[in-house]
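Asks: Let me begin by handing over the structure; questions about it come next.
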Amino acid sequence: METGEPLDYLILGANGQVGRELSRALQPFGHGRALGRAECDLAHPGAVAETVHRLKPKVVVNAAAWTAVDRAEEEPDRAHRLNAGAVAELAGACAESGAALVHYSTDYVFEGSGETPHGIDAPLAPRSVYGRTKLEGERAIAAAAAKAMVLRTSWVYAAHGHNFVRTMLRVGRERDQLKVIDDQIGAPTWAATIADTTALALHDWRRSGWADDRAGSWHLTAAGAVSWHGFAVAIF
């Protein structure tokens, strides 16, 4: 329902893994709206900017993205539109309106080799279409000079949506034996953890008067590390 009252926050991608958790975690933040694809389709040029200018949110939390890593190789234009083009429009609209922006990125912006966790300033060298388009989105935010916080996360899972946990449980019911790779290491991160940490970061940022030292790129993952094989073992 349109009230004409400026929003304290706007969530985009409300039906995704993180978006659904954000709808819960950000309720104490004030008067907000959570929009899915039906209400704001980032695939349509101009849609996200129009939404920001119409609803006038003080903060936009963008959980909408193309996240199908393998399919991005087959549909690079669509992946680019959602992860880079729409993000550039969003960042521009936030810069024009003065809204703060929280945007989620990924560990795929890194080259991926090495045996230690990547720091914030580690070299960016994505190998996949997905990683390249997410990095383009990050750079578009920087170019727009938006008041923005970019949160890079990894191996997201939840009780809903498409993710490794749900896939393993489904396939495990269908097969007697599974083979899962053990040469990729990462930090599985629960969507609820991402949402709750985002809420805490936003409260801190608002209390600081939207201080510049809270903006920029941050890494938001669970502690520890495991291989895909180890993760599957833990799931079963």
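Chain labels run A, B, ... following the order of the structure tokens; each chain numbers its residues from 1, and ligands are numbered from 1 in the order shown.
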Write out as a tab-separated table (two decimals) with all heavy atoms, in the first residue's frame each polymer residue whose atoms come within 7 Å of segment 54-68 of chain A, counting only C-alpha atoms; drop sequence neighbours fewer than 4 positions from it.
Replies:
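Full text of out_6.tsv as output:
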```tsv
chain	number	residue	atom	x	y	z
A	6	PRO	N	8.02	8.67	3.36
A	6	PRO	CA	9.33	8.10	3.03
A	6	PRO	C	9.62	6.87	3.88
A	6	PRO	O	9.25	6.80	5.05
A	6	PRO	CB	10.30	9.24	3.36
A	6	PRO	CG	9.48	10.48	3.27
A	6	PRO	CD	8.11	10.09	3.75
A	7	LEU	N	10.29	5.91	3.28
A	7	LEU	CA	10.60	4.67	3.98
A	7	LEU	C	11.91	4.77	4.76
A	7	LEU	O	12.86	5.41	4.31
A	7	LEU	CB	10.73	3.53	2.97
A	7	LEU	CG	9.51	3.19	2.11
A	7	LEU	CD1	9.89	2.12	1.09
A	7	LEU	CD2	8.36	2.71	2.97
A	8	ASP	N	11.94	4.12	5.92
A	8	ASP	CA	13.21	3.99	6.62
A	8	ASP	C	14.13	3.03	5.88
A	8	ASP	O	15.35	3.20	5.89
A	8	ASP	CB	12.98	3.51	8.05
A	8	ASP	CG	12.30	4.55	8.92
A	8	ASP	OD1	12.85	5.66	9.03
A	8	ASP	OD2	11.23	4.27	9.46
A	9	TYR	N	13.53	2.00	5.24
A	9	TYR	CA	14.35	1.06	4.49
A	9	TYR	C	13.52	0.41	3.38
A	9	TYR	O	12.30	0.30	3.48
A	9	TYR	CB	14.96	-0.02	5.38
A	9	TYR	CG	13.95	-0.96	6.00
A	9	TYR	CD1	13.55	-2.14	5.35
A	9	TYR	CD2	13.37	-0.69	7.23
A	9	TYR	CE1	12.63	-3.00	5.91
A	9	TYR	CE2	12.45	-1.55	7.81
A	9	TYR	CZ	12.09	-2.71	7.14
A	9	TYR	OH	11.17	-3.56	7.69
A	10	LEU	N	14.21	0.00	2.34
A	10	LEU	CA	13.61	-0.73	1.22
A	10	LEU	C	14.47	-1.95	0.95
A	10	LEU	O	15.69	-1.82	0.77
A	10	LEU	CB	13.55	0.15	-0.02
A	10	LEU	CG	13.17	-0.53	-1.34
A	10	LEU	CD1	11.73	-1.04	-1.29
A	10	LEU	CD2	13.36	0.43	-2.52
A	11	ILE	N	13.86	-3.13	0.94
A	11	ILE	CA	14.56	-4.36	0.59
A	11	ILE	C	14.20	-4.75	-0.83
A	11	ILE	O	13.02	-4.82	-1.18
A	11	ILE	CB	14.16	-5.50	1.55
A	11	ILE	CG1	14.52	-5.16	2.99
A	11	ILE	CG2	14.83	-6.81	1.13
A	11	ILE	CD1	13.90	-6.11	4.01
A	12	LEU	N	15.19	-5.01	-1.65
A	12	LEU	CA	14.99	-5.55	-2.99
A	12	LEU	C	15.42	-7.01	-3.01
A	12	LEU	O	16.41	-7.37	-2.37
A	12	LEU	CB	15.79	-4.75	-4.02
A	12	LEU	CG	15.45	-3.26	-4.12
A	12	LEU	CD1	16.42	-2.57	-5.09
A	12	LEU	CD2	14.01	-3.05	-4.57
A	13	GLY	N	14.69	-7.84	-3.76
A	13	GLY	CA	14.99	-9.27	-3.77
A	13	GLY	C	14.41	-9.96	-2.56
A	13	GLY	O	15.01	-10.86	-1.97
A	18	VAL	N	18.41	-14.49	1.26
A	18	VAL	CA	18.76	-13.41	2.17
A	18	VAL	C	17.60	-12.43	2.32
A	18	VAL	O	17.32	-11.94	3.41
A	18	VAL	CB	20.03	-12.69	1.69
A	18	VAL	CG1	20.35	-11.49	2.57
A	18	VAL	CG2	21.22	-13.66	1.68
A	19	GLY	N	16.90	-12.16	1.22
A	19	GLY	CA	15.80	-11.21	1.27
A	19	GLY	C	14.72	-11.60	2.26
A	19	GLY	O	14.18	-10.76	2.99
A	50	GLU	N	13.27	4.05	-10.80
A	50	GLU	CA	11.92	4.58	-10.59
A	50	GLU	C	11.39	4.22	-9.22
A	50	GLU	O	10.77	5.06	-8.54
A	50	GLU	CB	10.98	4.03	-11.68
A	50	GLU	CG	9.58	4.64	-11.69
A	50	GLU	CD	8.64	4.01	-10.68
A	50	GLU	OE1	8.83	2.81	-10.35
A	50	GLU	OE2	7.72	4.71	-10.20
A	72	ALA	N	25.11	-18.67	-15.52
A	72	ALA	CA	25.64	-17.38	-15.96
A	72	ALA	C	26.57	-17.55	-17.15
A	72	ALA	O	26.66	-16.66	-18.01
A	72	ALA	CB	26.37	-16.70	-14.81
A	79	ALA	N	22.89	-12.28	-16.73
A	79	ALA	CA	23.66	-12.15	-15.51
A	79	ALA	C	24.23	-10.73	-15.38
A	79	ALA	O	24.21	-10.13	-14.30
A	79	ALA	CB	24.79	-13.17	-15.48
A	82	LEU	N	21.45	-8.10	-14.33
A	82	LEU	CA	21.04	-8.12	-12.93
A	82	LEU	C	22.18	-7.75	-11.99
A	82	LEU	O	21.96	-7.04	-11.00
A	82	LEU	CB	20.49	-9.50	-12.57
A	82	LEU	CG	19.16	-9.88	-13.23
A	82	LEU	CD1	18.78	-11.30	-12.84
A	82	LEU	CD2	18.06	-8.92	-12.82
A	83	ASN	N	23.38	-8.22	-12.27
A	83	ASN	CA	24.49	-8.04	-11.33
A	83	ASN	C	25.29	-6.78	-11.56
A	83	ASN	O	26.05	-6.36	-10.66
A	83	ASN	CB	25.42	-9.25	-11.41
A	83	ASN	CG	24.80	-10.51	-10.86
A	83	ASN	OD1	23.80	-10.46	-10.16
A	83	ASN	ND2	25.39	-11.64	-11.18
A	99	ALA	N	20.03	8.33	-0.47
A	99	ALA	CA	19.79	7.10	0.28
A	99	ALA	C	21.09	6.33	0.47
A	99	ALA	O	21.96	6.29	-0.41
A	99	ALA	CB	18.79	6.23	-0.47
A	100	ALA	N	21.22	5.71	1.62
A	100	ALA	CA	22.33	4.79	1.85
A	100	ALA	C	22.02	3.47	1.15
A	100	ALA	O	20.85	3.11	0.98
A	100	ALA	CB	22.54	4.56	3.33
A	101	LEU	N	23.04	2.76	0.75
A	101	LEU	CA	22.88	1.52	0.01
A	101	LEU	C	23.69	0.40	0.66
A	101	LEU	O	24.87	0.58	0.96
A	101	LEU	CB	23.33	1.70	-1.44
A	101	LEU	CG	23.42	0.45	-2.32
A	101	LEU	CD1	22.06	-0.21	-2.49
A	101	LEU	CD2	24.02	0.80	-3.69
A	102	VAL	N	23.04	-0.73	0.88
A	102	VAL	CA	23.74	-1.96	1.28
A	102	VAL	C	23.57	-2.95	0.14
A	102	VAL	O	22.45	-3.22	-0.30
A	102	VAL	CB	23.18	-2.56	2.58
A	102	VAL	CG1	23.87	-3.88	2.88
A	102	VAL	CG2	23.36	-1.59	3.73
A	103	HIS	N	24.68	-3.47	-0.35
A	103	HIS	CA	24.66	-4.37	-1.51
A	103	HIS	C	25.50	-5.60	-1.19
A	103	HIS	O	26.57	-5.49	-0.58
A	103	HIS	CB	25.23	-3.65	-2.73
A	103	HIS	CG	25.37	-4.51	-3.94
A	103	HIS	ND1	24.29	-4.92	-4.69
A	103	HIS	CD2	26.47	-5.05	-4.53
A	103	HIS	CE1	24.72	-5.67	-5.69
A	103	HIS	NE2	26.03	-5.77	-5.61
A	104	TYR	N	25.03	-6.76	-1.61
A	104	TYR	CA	25.75	-8.01	-1.34
A	104	TYR	C	26.57	-8.43	-2.55
A	104	TYR	O	26.08	-8.46	-3.68
A	104	TYR	CB	24.77	-9.12	-0.96
A	104	TYR	CG	24.01	-8.81	0.30
A	104	TYR	CD1	22.71	-8.34	0.26
A	104	TYR	CD2	24.63	-8.95	1.54
A	104	TYR	CE1	22.03	-8.00	1.42
A	104	TYR	CE2	23.96	-8.62	2.71
A	104	TYR	CZ	22.66	-8.15	2.63
A	104	TYR	OH	21.99	-7.82	3.79
```
Asks: Excluding Ala84 of chain A and any residue of its chain fewer than 6 positions from it, enumerate the residues within 8 Å of it, using only C-alpha atoms, and give them as a list of chain:residue names.
Replies: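 Selected residues are A:Thr133, A:Lys134, A:Leu135, A:Glu136, A:Gly137, A:Glu138, A:Ala140.
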Asks: How would the residues just chosen look if you wrote them out with N, CA and C atoms as a PDB file, in the first residue's frame?
Replies:
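Output contents, as saved in out30.pdb:
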```pdb
ATOM      1  N   THR A 133      30.597 -10.285 -13.326  1.00  0.00           N
ATOM      2  CA  THR A 133      29.439  -9.380 -13.278  1.00  0.00           C
ATOM      3  C   THR A 133      29.235  -8.823 -11.870  1.00  0.00           C
ATOM      4  N   LYS A 134      29.515  -9.624 -10.849  1.00  0.00           N
ATOM      5  CA  LYS A 134      29.400  -9.112  -9.478  1.00  0.00           C
ATOM      6  C   LYS A 134      30.462  -8.034  -9.221  1.00  0.00           C
ATOM      7  N   LEU A 135      31.661  -8.234  -9.750  1.00  0.00           N
ATOM      8  CA  LEU A 135      32.701  -7.223  -9.593  1.00  0.00           C
ATOM      9  C   LEU A 135      32.318  -5.942 -10.336  1.00  0.00           C
ATOM     10  N   GLU A 136      31.732  -6.088 -11.515  1.00  0.00           N
ATOM     11  CA  GLU A 136      31.261  -4.900 -12.236  1.00  0.00           C
ATOM     12  C   GLU A 136      30.233  -4.140 -11.411  1.00  0.00           C
ATOM     13  N   GLY A 137      29.371  -4.869 -10.707  1.00  0.00           N
ATOM     14  CA  GLY A 137      28.407  -4.219  -9.834  1.00  0.00           C
ATOM     15  C   GLY A 137      29.093  -3.436  -8.727  1.00  0.00           C
ATOM     16  N   GLU A 138      30.109  -4.031  -8.109  1.00  0.00           N
ATOM     17  CA  GLU A 138      30.866  -3.324  -7.077  1.00  0.00           C
ATOM     18  C   GLU A 138      31.476  -2.041  -7.635  1.00  0.00           C
ATOM     19  N   ALA A 140      30.517  -0.327 -10.214  1.00  0.00           N
ATOM     20  CA  ALA A 140      29.468   0.639 -10.560  1.00  0.00           C
ATOM     21  C   ALA A 140      29.046   1.432  -9.335  1.00  0.00           C
TER      22      ALA A 140
END
```
Asks: Got a sec: who's within 8 Å of segment 159-175 of chain A, counting only C-alpha atoms, leaving out chain neighbours fewer than 5 positions off, as a list of chain:residue names?
Replies: A:Gly16, A:Gln17, A:Ala232, A:Ile235, A:Phe236
Asks: I need the residues from that last selection saved to file as an mmCIF file, in the first residue's frame (with C-alpha atoms), if you can.
Replies:
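Output (out.cif):
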```
data_model
loop_
_atom_site.group_PDB
_atom_site.id
_atom_site.type_symbol
_atom_site.label_atom_id
_atom_site.label_comp_id
_atom_site.auth_asym_id
_atom_site.auth_seq_id
_atom_site.Cartn_x
_atom_site.Cartn_y
_atom_site.Cartn_z
ATOM 1 C CA GLY A 16 15.392 -14.812 -2.113
ATOM 2 C CA GLN A 17 17.319 -16.567 0.637
ATOM 3 C CA ALA A 232 27.964 -32.548 2.656
ATOM 4 C CA ILE A 235 24.635 -31.963 6.355
ATOM 5 C CA PHE A 236 23.972 -35.726 6.314
#
```
Asks: How would you write, as an MDAnalysis selection string, the set of residues in segment 74-186 of chain A that DSSP gives as alpha helix (DSSP H)?
Replies: chainID A and resid 74 76:80 86:97 129:144 164:174
Asks: DSSP on the backbone: which residues in segment 98-134 of chain A end up as strand (DSSP E)? Give the answer as a list of chain:residue names.
Replies: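 Going through segment 98-134 of chain A, the strand (DSSP E) residues come out as A:Ala100, A:Leu101, A:Val102, A:His103, A:Tyr104, A:Ser105, A:Thr106.
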Asks: If you keep all heavy atoms, can you produce a file of those selected residues as a short mmCIF file (atom, residue, chain, number, x, y, z; two decimals), in the first residue's frame?
Replies:
```
data_model
loop_
_atom_site.label_atom_id
_atom_site.label_comp_id
_atom_site.auth_asym_id
_atom_site.auth_seq_id
_atom_site.Cartn_x
_atom_site.Cartn_y
_atom_site.Cartn_z
N ALA A 100 21.22 5.71 1.62
CA ALA A 100 22.33 4.79 1.85
C ALA A 100 22.02 3.47 1.15
O ALA A 100 20.85 3.11 0.98
CB ALA A 100 22.54 4.56 3.33
N LEU A 101 23.04 2.76 0.75
CA LEU A 101 22.88 1.52 0.01
C LEU A 101 23.69 0.40 0.66
O LEU A 101 24.87 0.58 0.96
CB LEU A 101 23.33 1.70 -1.44
CG LEU A 101 23.42 0.45 -2.32
CD1 LEU A 101 22.06 -0.21 -2.49
CD2 LEU A 101 24.02 0.80 -3.69
N VAL A 102 23.04 -0.73 0.88
CA VAL A 102 23.74 -1.96 1.28
C VAL A 102 23.57 -2.95 0.14
O VAL A 102 22.45 -3.22 -0.30
CB VAL A 102 23.18 -2.56 2.58
CG1 VAL A 102 23.87 -3.88 2.88
CG2 VAL A 102 23.36 -1.59 3.73
N HIS A 103 24.68 -3.47 -0.35
CA HIS A 103 24.66 -4.37 -1.51
C HIS A 103 25.50 -5.60 -1.19
O HIS A 103 26.57 -5.49 -0.58
CB HIS A 103 25.23 -3.65 -2.73
CG HIS A 103 25.37 -4.51 -3.94
ND1 HIS A 103 24.29 -4.92 -4.69
CD2 HIS A 103 26.47 -5.05 -4.53
CE1 HIS A 103 24.72 -5.67 -5.69
NE2 HIS A 103 26.03 -5.77 -5.61
N TYR A 104 25.03 -6.76 -1.61
CA TYR A 104 25.75 -8.01 -1.34
C TYR A 104 26.57 -8.43 -2.55
O TYR A 104 26.08 -8.46 -3.68
CB TYR A 104 24.77 -9.12 -0.96
CG TYR A 104 24.01 -8.81 0.30
CD1 TYR A 104 22.71 -8.34 0.26
CD2 TYR A 104 24.63 -8.95 1.54
CE1 TYR A 104 22.03 -8.00 1.42
CE2 TYR A 104 23.96 -8.62 2.71
CZ TYR A 104 22.66 -8.15 2.63
OH TYR A 104 21.99 -7.82 3.79
N SER A 105 27.82 -8.79 -2.29
CA SER A 105 28.68 -9.32 -3.33
C SER A 105 29.16 -10.71 -2.89
O SER A 105 28.55 -11.34 -2.03
CB SER A 105 29.84 -8.37 -3.61
OG SER A 105 30.53 -8.75 -4.79
N THR A 106 30.25 -11.17 -3.44
CA THR A 106 30.59 -12.59 -3.35
C THR A 106 32.09 -12.82 -3.31
O THR A 106 32.89 -11.99 -3.79
CB THR A 106 29.99 -13.33 -4.56
OG1 THR A 106 30.45 -14.69 -4.58
CG2 THR A 106 30.41 -12.67 -5.86
#
```
Asks: With distances taken over only C-alpha atoms, which of A:Ser154, A:Gln27, A:Ser208, A:Thr193 is nearest to Tyr108 of chain A?
Replies: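 Between A:Ser154, A:Gln27, A:Ser208, A:Thr193, the residue approaching Tyr108 of chain A most closely is A:Ser154.
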Asks: Between atom CA of Glu89 of chain A and atom CA of Asp213 of chain A, what is the spacing in Å?
Replies: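 One can read the atom CA of Asp213 of chain A to atom CA of Glu89 of chain A distance as 23.9 Å.
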Asks: Have a look at A:Ala222, A:Lys147, A:Ala122, A:Val69 and name the one nearest to Gly209 of chain A; count only C-alpha atoms.
Replies: A:Lys147
Asks: Which residues come within 12 Å of Ala47 of chain A, counting only C-alpha atoms, excluding same-chain residues fewer than 4 positions away, as a list in words?
Replies: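 Neighbouring residues, sequence-local ones excluded: Leu12, Arg37, Ala38, Glu39, Cys40, Asp41, Leu42, Ala43, Thr51, Val52, His53, Arg54, Leu82, Gly85, Ala86, Val87, Glu89, Leu90 and Ala93 of chain A.
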Asks: Could you save those same residues with all heavy atoms as a compact mmCIF listing (two decimals), in the first residue's frame?
Replies:
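Output (out.txt):
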```
# COMPACT_ATOMS: atom_id res chain seq x y z
N LEU A 12 15.19 -5.01 -1.65
CA LEU A 12 14.99 -5.55 -2.99
C LEU A 12 15.42 -7.01 -3.01
O LEU A 12 16.41 -7.37 -2.37
CB LEU A 12 15.79 -4.75 -4.02
CG LEU A 12 15.45 -3.26 -4.12
CD1 LEU A 12 16.42 -2.57 -5.09
CD2 LEU A 12 14.01 -3.05 -4.57
N ARG A 37 10.49 -9.66 -7.24
CA ARG A 37 10.59 -9.40 -8.68
C ARG A 37 9.29 -8.85 -9.25
O ARG A 37 9.30 -8.01 -10.14
CB ARG A 37 10.98 -10.68 -9.41
CG ARG A 37 11.25 -10.46 -10.90
CD ARG A 37 11.43 -11.78 -11.63
NE ARG A 37 12.47 -12.59 -11.03
CZ ARG A 37 12.71 -13.85 -11.37
NH1 ARG A 37 11.95 -14.45 -12.28
NH2 ARG A 37 13.69 -14.52 -10.79
N ALA A 38 8.15 -9.32 -8.72
CA ALA A 38 6.86 -8.87 -9.25
C ALA A 38 6.66 -7.38 -9.03
O ALA A 38 6.01 -6.71 -9.85
CB ALA A 38 5.72 -9.66 -8.59
N GLU A 39 7.20 -6.85 -7.92
CA GLU A 39 7.03 -5.43 -7.63
C GLU A 39 8.14 -4.56 -8.20
O GLU A 39 7.94 -3.38 -8.51
CB GLU A 39 6.97 -5.21 -6.12
CG GLU A 39 5.79 -5.86 -5.42
CD GLU A 39 6.07 -7.30 -5.02
OE1 GLU A 39 7.24 -7.74 -5.12
OE2 GLU A 39 5.12 -7.98 -4.61
N CYS A 40 9.33 -5.13 -8.35
CA CYS A 40 10.46 -4.38 -8.91
C CYS A 40 11.40 -5.37 -9.59
O CYS A 40 12.21 -6.02 -8.93
CB CYS A 40 11.19 -3.60 -7.82
SG CYS A 40 12.60 -2.63 -8.43
N ASP A 41 11.29 -5.48 -10.89
CA ASP A 41 12.08 -6.43 -11.67
C ASP A 41 13.34 -5.74 -12.19
O ASP A 41 13.27 -4.90 -13.08
CB ASP A 41 11.25 -6.99 -12.82
CG ASP A 41 11.95 -8.14 -13.53
OD1 ASP A 41 13.15 -8.37 -13.26
OD2 ASP A 41 11.29 -8.81 -14.35
N LEU A 42 14.47 -6.09 -11.61
CA LEU A 42 15.72 -5.45 -12.00
C LEU A 42 16.12 -5.75 -13.44
O LEU A 42 16.98 -5.07 -14.00
CB LEU A 42 16.85 -5.87 -11.06
CG LEU A 42 17.02 -5.07 -9.77
CD1 LEU A 42 15.80 -5.23 -8.87
CD2 LEU A 42 18.28 -5.47 -9.02
N ALA A 43 15.47 -6.75 -14.05
CA ALA A 43 15.76 -7.06 -15.45
C ALA A 43 15.24 -5.99 -16.39
O ALA A 43 15.67 -5.90 -17.54
CB ALA A 43 15.16 -8.41 -15.82
N THR A 51 11.66 3.01 -8.77
CA THR A 51 11.19 2.56 -7.46
C THR A 51 11.84 3.37 -6.35
O THR A 51 11.16 3.79 -5.40
CB THR A 51 11.51 1.07 -7.27
OG1 THR A 51 10.80 0.31 -8.26
CG2 THR A 51 11.09 0.58 -5.90
N VAL A 52 13.13 3.60 -6.43
CA VAL A 52 13.83 4.38 -5.40
C VAL A 52 13.31 5.80 -5.34
O VAL A 52 13.02 6.34 -4.26
CB VAL A 52 15.35 4.37 -5.65
CG1 VAL A 52 16.07 5.36 -4.73
CG2 VAL A 52 15.91 2.97 -5.44
N HIS A 53 13.12 6.44 -6.49
CA HIS A 53 12.66 7.82 -6.51
C HIS A 53 11.21 7.93 -6.04
O HIS A 53 10.82 8.92 -5.42
CB HIS A 53 12.81 8.40 -7.91
CG HIS A 53 14.25 8.63 -8.30
ND1 HIS A 53 15.12 9.36 -7.53
CD2 HIS A 53 14.96 8.21 -9.39
CE1 HIS A 53 16.31 9.40 -8.13
NE2 HIS A 53 16.24 8.71 -9.25
N ARG A 54 10.41 6.90 -6.30
CA ARG A 54 8.99 6.94 -5.90
C ARG A 54 8.82 6.69 -4.41
O ARG A 54 8.01 7.36 -3.75
CB ARG A 54 8.21 5.91 -6.72
CG ARG A 54 6.76 5.72 -6.28
CD ARG A 54 5.98 4.91 -7.31
NE ARG A 54 6.67 3.69 -7.67
CZ ARG A 54 6.56 2.55 -6.98
NH1 ARG A 54 5.82 2.48 -5.89
NH2 ARG A 54 7.20 1.46 -7.40
N LEU A 82 21.45 -8.10 -14.33
CA LEU A 82 21.04 -8.12 -12.93
C LEU A 82 22.18 -7.75 -11.99
O LEU A 82 21.96 -7.04 -11.00
CB LEU A 82 20.49 -9.50 -12.57
CG LEU A 82 19.16 -9.88 -13.23
CD1 LEU A 82 18.78 -11.30 -12.84
CD2 LEU A 82 18.06 -8.92 -12.82
N GLY A 85 24.32 -4.03 -14.58
CA GLY A 85 23.52 -2.94 -15.13
C GLY A 85 22.51 -2.39 -14.14
O GLY A 85 22.42 -1.16 -13.92
N ALA A 86 21.73 -3.27 -13.54
CA ALA A 86 20.72 -2.82 -12.58
C ALA A 86 21.36 -2.21 -11.34
O ALA A 86 20.83 -1.27 -10.74
CB ALA A 86 19.82 -3.99 -12.19
N VAL A 87 22.51 -2.74 -10.94
CA VAL A 87 23.21 -2.21 -9.77
C VAL A 87 23.72 -0.80 -10.04
O VAL A 87 23.67 0.08 -9.17
CB VAL A 87 24.36 -3.15 -9.36
CG1 VAL A 87 25.19 -2.54 -8.24
CG2 VAL A 87 23.80 -4.50 -8.92
N GLU A 89 22.28 1.35 -12.03
CA GLU A 89 21.09 2.20 -11.95
C GLU A 89 20.71 2.46 -10.50
O GLU A 89 20.36 3.59 -10.12
CB GLU A 89 19.92 1.56 -12.69
CG GLU A 89 20.10 1.49 -14.19
CD GLU A 89 18.95 0.77 -14.87
OE1 GLU A 89 17.91 0.55 -14.22
OE2 GLU A 89 19.08 0.43 -16.06
N LEU A 90 20.75 1.42 -9.69
CA LEU A 90 20.40 1.54 -8.28
C LEU A 90 21.36 2.49 -7.56
O LEU A 90 20.93 3.37 -6.81
CB LEU A 90 20.42 0.16 -7.62
CG LEU A 90 20.22 0.12 -6.10
CD1 LEU A 90 18.88 0.72 -5.72
CD2 LEU A 90 20.33 -1.32 -5.60
N ALA A 93 20.66 6.05 -8.53
CA ALA A 93 19.43 6.57 -7.91
C ALA A 93 19.67 6.88 -6.44
O ALA A 93 19.16 7.88 -5.92
CB ALA A 93 18.30 5.56 -8.07
```
Asks: Given the choices A:Ala49, A:Ile141, A:Ala199, A:Val150, which gets closest to Gly30 of chain A if the distance is worked out from only C-alpha atoms?
Replies: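 Comparing A:Ala49, A:Ile141, A:Ala199, A:Val150 against Gly30 of chain A, the winner is A:Ala199.
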Asks: If we count only C-alpha atoms and set the cut-off at 6 Å, which residues sit around segment 179-183 of chain A, ignoring sequence neighbours fewer than 4 positions away in its own chain? Please answer as a list of chain:residue names.
Replies: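 These residues fall inside the cut-off: A:Ser227, A:Trp228, A:His229.
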Asks: So that I can see what lies close to Ile185 of chain A, please list as a VMD selection string the residues with an atom at most 12 Å from it, counting only C-alpha atoms and leaving out residues fewer than 3 positions away in the same chain.
Replies: chain A and resid 107 112 to 118 154 to 155 181 to 182 188 224 to 231
Asks: I'd like the interatomic distance between atom CA of Pro45 of chain A and atom CA of Arg139 of chain A, to a tenth of an Å.
Replies: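 Calculated distance between atom CA of Pro45 of chain A and atom CA of Arg139 of chain A is 18.6 Å.
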Asks: What does the distance between atom CA of Leu200 of chain A and atom CA of Gly186 of chain A come to in Å, to one decimal place?
Replies: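 Taking atom CA of Leu200 of chain A as the start and atom CA of Gly186 of chain A as the end point, the length is 23.9 Å.
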Asks: Using only C-alpha atoms, find the one residue out of A:His219, A:Arg71, A:His44, A:Arg214 that sits nearest to Val109 of chain A.
Replies: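 Closest to Val109 of chain A, using only C-alpha atoms: A:His219.
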